[in-house]
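Enquirer: There's a structure below that I have some questions on.
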Amino acid sequence: MKTKDIIQQAKDLLEEYEKRYYPLLDDVHWVEENECSTDGDYCSDCVDDAKNEYRRNYLLKQRKLTIERRDKEFSKFSTTYNYGGGYEDDDFNYCNSCGKSLNVVVLPNENNIREALIDLRGITGISDYLGYKIYWLLYNDWGNDDERHVREHILTLELAEKTIEILAKKNL
Ligand SMILES: [Zn+2]
């Protein structure tokens, strides 16, 4: 079988898992200080609390300074979010407060593919969450002719083969 077909077969098997998990994702939200993004990604439920926390810490820090060293104008904090996914990330992303999965586009790299391979070790069924993760790693495969991502492509193929092995056994 061609590598493209193997990856496609694994994706077909995982599609129902991905479909079940996808609605649970939230858009990536973050806090901005003077319209510059701060570290940390949040879900829609947690981002306002995170904003208040940033603001509180900022004001506490300002209060500790002598008056002449304080900011002339205090920073303004706001929130924003990435509507409908498409936010590229090195790895699957979670709300920093509650751990909910956030909707990001994960590009396959050696780390995240190896992690998925480890997750597949010794299991007989795949959770919706793992199915969703593997589906998108396969979906974003670099392909046969990308010379800079040969190792990733080989690992992705291994991931597809392991997935088929597990899901084909389960469907016997
Ligand atoms: Zn959250």
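Identifiers for the structure tokens are assigned positionally: chains receive A, B, ... in sequence, residues are indexed from 1 per chain, and ligands are indexed from 1 in the order shown.
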Produce a table with one row for each residue of chain A that has an atom at most 8 Å from any atom of ligand 1, each row naming the nearest atom pair and its distance in Å at one decimal; use only C-alpha atoms and all ligand atoms; arrange rows by chain and rising residue number; format as JSON lines.
Expert:
{"residue": "A:Tyr42", "atom": "CA", "partner": "ligand 1", "partner_atom_place_in_ligand_line": "1 (Zn)", "distance": 5.4}
{"residue": "A:Cys43", "atom": "CA", "partner": "ligand 1", "partner_atom_place_in_ligand_line": "1 (Zn)", "distance": 4.2}
{"residue": "A:Ser44", "atom": "CA", "partner": "ligand 1", "partner_atom_place_in_ligand_line": "1 (Zn)", "distance": 6.6}
{"residue": "A:Asp45", "atom": "CA", "partner": "ligand 1", "partner_atom_place_in_ligand_line": "1 (Zn)", "distance": 5.4}
{"residue": "A:Cys46", "atom": "CA", "partner": "ligand 1", "partner_atom_place_in_ligand_line": "1 (Zn)", "distance": 4.4}
{"residue": "A:Val47", "atom": "CA", "partner": "ligand 1", "partner_atom_place_in_ligand_line": "1 (Zn)", "distance": 7.1}
{"residue": "A:Tyr94", "atom": "CA", "partner": "ligand 1", "partner_atom_place_in_ligand_line": "1 (Zn)", "distance": 7.9}
{"residue": "A:Cys95", "atom": "CA", "partner": "ligand 1", "partner_atom_place_in_ligand_line": "1 (Zn)", "distance": 4.7}
{"residue": "A:Asn96", "atom": "CA", "partner": "ligand 1", "partner_atom_place_in_ligand_line": "1 (Zn)", "distance": 6.7}
{"residue": "A:Ser97", "atom": "CA", "partner": "ligand 1", "partner_atom_place_in_ligand_line": "1 (Zn)", "distance": 5.0}
{"residue": "A:Cys98", "atom": "CA", "partner": "ligand 1", "partner_atom_place_in_ligand_line": "1 (Zn)", "distance": 4.1}
{"residue": "A:Gly99", "atom": "CA", "partner": "ligand 1", "partner_atom_place_in_ligand_line": "1 (Zn)", "distance": 6.0}
{"residue": "A:Lys100", "atom": "CA", "partner": "ligand 1", "partner_atom_place_in_ligand_line": "1 (Zn)", "distance": 5.6}
Enquirer: Selected residues, C-alpha atoms, written as a tab-separated table (two decimals), in the first residue's frame, please.
Expert:
chain	number	residue	atom	x	y	z
A	42	TYR	CA	-7.36	30.23	28.18
A	43	CYS	CA	-10.82	28.92	27.40
A	44	SER	CA	-13.83	31.24	27.18
A	45	ASP	CA	-14.86	30.42	30.76
A	46	CYS	CA	-11.51	31.26	32.33
A	47	VAL	CA	-10.16	34.20	30.32
A	94	TYR	CA	-5.00	23.53	26.89
A	95	CYS	CA	-6.58	26.23	29.00
A	96	ASN	CA	-3.93	27.26	31.53
A	97	SER	CA	-6.58	27.44	34.24
A	98	CYS	CA	-8.93	24.48	33.79
A	99	GLY	CA	-7.15	22.26	31.26
A	100	LYS	CA	-9.87	22.31	28.60
Enquirer: Mind running region 38-131 of chain A against region 158-163 of chain A at 10 Å and telling me each contacting residue's nearest atom pair with the distance in Å (one decimal), counting only C-alpha atoms, chain and number ascending, as CSV?
Expert:
residue,atom,partner,partner_atom,distance
A:Ile113,CA,A:Leu159,CA,7.3
A:Arg114,CA,A:Leu159,CA,8.5
A:Ala116,CA,A:Leu159,CA,7.5
A:Leu117,CA,A:Leu159,CA,6.0
A:Ile118,CA,A:Leu159,CA,9.8
A:Leu120,CA,A:Lys162,CA,7.4
A:Arg121,CA,A:Lys162,CA,8.8
A:Gly125,CA,A:Thr163,CA,9.6
A:Ile126,CA,A:Thr163,CA,8.5
A:Gly131,CA,A:Thr163,CA,8.9
Enquirer: Of the candidates A:Arg55, A:Lys64, A:Lys133, A:Arg70, which shows the shortest atom-to-atom distance to Tyr21 (chain A), using only C-alpha atoms?
Expert: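 Among the listed residues, the smallest separation from Tyr21 (chain A) belongs to A:Lys133.
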Enquirer: Can you pull out every residue within 10 Å of Asp39 (chain A), counting only C-alpha atoms, but drop anything in the same chain fewer than 4 positions away, and send it as a ChimeraX atom specification?
Expert: /A:30-32,96
Enquirer: So which one's closest to Lys51 (chain A), A:Ile166, A:Leu65, A:Thr79, A:Ser127? Using only C-alpha atoms, please.
Expert: A:Thr79
Enquirer: State, in Å with one decimal place, the distance from CA of Tyr132 (chain A) to CA of Lys11 (chain A).
Expert: 9.8 Å
Enquirer: Determine, counting only C-alpha atoms, which protein, DNA and RNA residues have an atom within 9 Å of an atom of Asp89 (chain A); residues of the same chain fewer than 5 positions away are not included. Present the result as a ChimeraX atom specification.
Expert: /A:104-107
Enquirer: Output C-alpha atoms for every residue in the selection just made, as a tab-separated table (two decimals), in the first residue's frame.
Expert:
chain	number	residue	atom	x	y	z
A	104	VAL	CA	-5.20	24.89	17.50
A	105	VAL	CA	-3.55	23.67	14.32
A	106	VAL	CA	-0.74	21.40	15.42
A	107	LEU	CA	2.08	20.84	12.98
Enquirer: List the neighbours of Asp141 (chain A) out to 12 Å using only C-alpha atoms; skip same-chain residues closer than 5 positions along the sequence, and give me the result as a list in words.
Expert: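 What passes the distance filter is Thr3, Lys4, Ile6, Ile7, Gln8, Lys11, Val105, Val106, Leu107, Pro108, Asn109, Glu110, Ile113, Ile134, Tyr135, Trp136, Asp146, His149, Val150, Arg151, Glu152, His153, Ile154, Leu155, Thr156, Leu157, Glu158, Leu159 and Ala160 of chain A.
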Enquirer: Go ahead and compute the interatomic distance for CA of Lys169 (chain A) and CA of Thr124 (chain A), in Å to one decimal.
Expert: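 Distance between the two atoms: 8.0 Å.
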Enquirer: From a DSSP pass on the backbone, collect the residues of chain A flagged as strand (DSSP E) and hand them back as number ranges by chain.
Expert: A: 29-33, 36-37, 77-81, 88-89, 93-94, 101-102, 105-106
Enquirer: I need the residue nearest Asp90 (chain A) from this list: A:Ala50, A:Leu137, A:Leu13, A:Met1. Use only C-alpha atoms for the distance.
Expert: A:Leu137
Enquirer: Can you list, as a short mmCIF file (atom, residue, chain, number, x, y, z; two decimals) with N, CA and C atoms, in the first residue's frame, every residue of region 16-138 of chain A that DSSP puts in alpha helix (DSSP H)?
Expert:
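Okay, selection-v3.cif is ready:
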data_model
loop_
_atom_site.label_atom_id
_atom_site.label_comp_id
_atom_site.auth_asym_id
_atom_site.auth_seq_id
_atom_site.Cartn_x
_atom_site.Cartn_y
_atom_site.Cartn_z
N GLU A 16 -14.59 9.26 13.12
CA GLU A 16 -15.69 9.31 14.08
C GLU A 16 -15.22 9.78 15.46
N TYR A 17 -13.98 9.44 15.82
CA TYR A 17 -13.42 9.87 17.11
C TYR A 17 -13.25 11.40 17.10
N GLU A 18 -12.68 11.85 15.99
CA GLU A 18 -12.44 13.29 15.85
C GLU A 18 -13.76 14.06 15.90
N LYS A 19 -14.76 13.54 15.21
CA LYS A 19 -16.07 14.21 15.17
C LYS A 19 -16.70 14.32 16.55
N ARG A 20 -16.49 13.30 17.37
CA ARG A 20 -17.06 13.33 18.73
C ARG A 20 -16.30 14.30 19.62
N TYR A 21 -14.98 14.39 19.42
CA TYR A 21 -14.19 15.23 20.33
C TYR A 21 -14.21 16.70 19.94
N VAL A 47 -11.00 33.08 30.76
CA VAL A 47 -10.16 34.20 30.32
C VAL A 47 -10.43 35.48 31.12
N ASP A 48 -11.68 35.69 31.55
CA ASP A 48 -11.97 36.92 32.30
C ASP A 48 -11.30 36.90 33.68
N ASP A 49 -11.34 35.73 34.32
CA ASP A 49 -10.65 35.60 35.60
C ASP A 49 -9.15 35.82 35.42
N ALA A 50 -8.62 35.29 34.32
CA ALA A 50 -7.19 35.45 34.05
C ALA A 50 -6.86 36.93 33.86
N LYS A 51 -7.74 37.63 33.16
CA LYS A 51 -7.52 39.07 32.94
C LYS A 51 -7.48 39.81 34.28
N ASN A 52 -8.44 39.50 35.15
CA ASN A 52 -8.49 40.16 36.46
C ASN A 52 -7.24 39.87 37.28
N GLU A 53 -6.74 38.64 37.15
CA GLU A 53 -5.55 38.24 37.87
C GLU A 53 -4.31 39.01 37.36
N TYR A 54 -4.21 39.12 36.04
CA TYR A 54 -3.11 39.90 35.47
C TYR A 54 -3.15 41.33 35.97
N ARG A 55 -4.36 41.88 35.96
CA ARG A 55 -4.55 43.28 36.35
C ARG A 55 -4.19 43.47 37.83
N ARG A 56 -4.67 42.53 38.65
CA ARG A 56 -4.43 42.60 40.08
C ARG A 56 -2.92 42.56 40.36
N ASN A 57 -2.22 41.59 39.73
CA ASN A 57 -0.77 41.47 39.94
C ASN A 57 -0.04 42.72 39.49
N TYR A 58 -0.49 43.26 38.39
CA TYR A 58 0.12 44.48 37.87
C TYR A 58 -0.03 45.63 38.86
N LEU A 59 -1.26 45.79 39.36
CA LEU A 59 -1.51 46.89 40.29
C LEU A 59 -0.74 46.71 41.60
N LEU A 60 -0.64 45.47 42.04
CA LEU A 60 0.13 45.20 43.27
C LEU A 60 1.59 45.57 43.07
N LYS A 61 2.12 45.23 41.89
CA LYS A 61 3.52 45.56 41.59
C LYS A 61 3.72 47.07 41.55
N GLN A 62 2.77 47.76 40.93
CA GLN A 62 2.86 49.22 40.85
C GLN A 62 2.82 49.84 42.25
N ARG A 63 1.97 49.27 43.08
CA ARG A 63 1.80 49.83 44.42
C ARG A 63 3.08 49.73 45.24
N LYS A 64 3.88 48.69 44.96
CA LYS A 64 5.12 48.50 45.71
C LYS A 64 6.21 49.49 45.29
N GLU A 110 8.74 15.84 15.78
CA GLU A 110 9.15 14.55 16.35
C GLU A 110 8.55 14.35 17.74
N ASN A 111 8.49 15.42 18.52
CA ASN A 111 7.97 15.30 19.89
C ASN A 111 6.51 14.89 19.94
N ASN A 112 5.66 15.65 19.24
CA ASN A 112 4.24 15.34 19.39
C ASN A 112 3.85 14.02 18.72
N ILE A 113 4.58 13.61 17.68
CA ILE A 113 4.27 12.31 17.07
C ILE A 113 4.74 11.18 18.00
N ARG A 114 5.94 11.34 18.56
CA ARG A 114 6.45 10.30 19.47
C ARG A 114 5.52 10.15 20.68
N GLU A 115 5.04 11.28 21.18
CA GLU A 115 4.12 11.22 22.32
C GLU A 115 2.87 10.41 21.98
N ALA A 116 2.33 10.65 20.79
CA ALA A 116 1.14 9.90 20.37
C ALA A 116 1.46 8.42 20.23
N LEU A 117 2.65 8.11 19.73
CA LEU A 117 3.06 6.71 19.61
C LEU A 117 3.14 6.04 20.98
N ILE A 118 3.65 6.80 21.95
CA ILE A 118 3.73 6.26 23.32
C ILE A 118 2.31 6.04 23.87
N ASP A 119 1.40 6.98 23.57
CA ASP A 119 0.01 6.84 24.03
C ASP A 119 -0.64 5.58 23.47
N LEU A 120 -0.20 5.15 22.30
CA LEU A 120 -0.82 3.98 21.66
C LEU A 120 -0.28 2.66 22.19
N ASP A 128 -11.65 9.12 22.42
CA ASP A 128 -11.98 10.18 21.45
C ASP A 128 -10.87 11.22 21.40
N TYR A 129 -10.34 11.53 22.57
CA TYR A 129 -9.31 12.56 22.65
C TYR A 129 -8.04 12.14 21.88
N LEU A 130 -7.58 10.92 22.13
CA LEU A 130 -6.40 10.45 21.43
C LEU A 130 -6.68 10.33 19.93
N GLY A 131 -7.89 9.88 19.60
CA GLY A 131 -8.28 9.76 18.20
C GLY A 131 -8.24 11.11 17.51
N TYR A 132 -8.74 12.11 18.19
CA TYR A 132 -8.72 13.48 17.66
C TYR A 132 -7.29 13.96 17.44
N LYS A 133 -6.42 13.73 18.42
CA LYS A 133 -5.02 14.17 18.30
C LYS A 133 -4.34 13.50 17.11
N ILE A 134 -4.49 12.18 17.03
CA ILE A 134 -3.79 11.46 15.96
C ILE A 134 -4.37 11.85 14.60
N TYR A 135 -5.69 12.03 14.55
CA TYR A 135 -6.33 12.43 13.29
C TYR A 135 -5.65 13.69 12.73
N TRP A 136 -5.46 14.67 13.58
CA TRP A 136 -4.89 15.94 13.10
C TRP A 136 -3.40 15.86 12.81
N LEU A 137 -2.68 15.01 13.53
CA LEU A 137 -1.27 14.80 13.19
C LEU A 137 -1.17 14.17 11.80
N LEU A 138 -2.06 13.22 11.52
CA LEU A 138 -2.06 12.58 10.20
C LEU A 138 -2.52 13.57 9.13
#
Enquirer: Just the number, please: distance in Å from CA of Gly86 (chain A) to CA of Asp41 (chain A), one decimal.
Expert: 14.6 Å
Enquirer: From the list A:Tyr22, A:Glu35, A:Trp142, A:Glu15, which residue is nearest Ser75 (chain A) when using only C-alpha atoms?
Expert: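 Ranked by minimum distance to Ser75 (chain A), first place goes to A:Glu35.
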Enquirer: Which residues are near Val28 (chain A)? Cut-off 6 Å, only C-alpha atoms, ignore same chain within fewer than 5 positions. Put them as a PyMOL selection string.
Expert: chain A and resi 81-82+102
Enquirer: Check the smallest atom-to-atom distance from each of A:Glu165, A:Glu88, A:Thr38, A:Ile67 to Asn103 (chain A) using only C-alpha atoms, then report the winner.
Expert: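 Ranking A:Glu165, A:Glu88, A:Thr38, A:Ile67 by distance to Asn103 (chain A), first place goes to A:Glu88.
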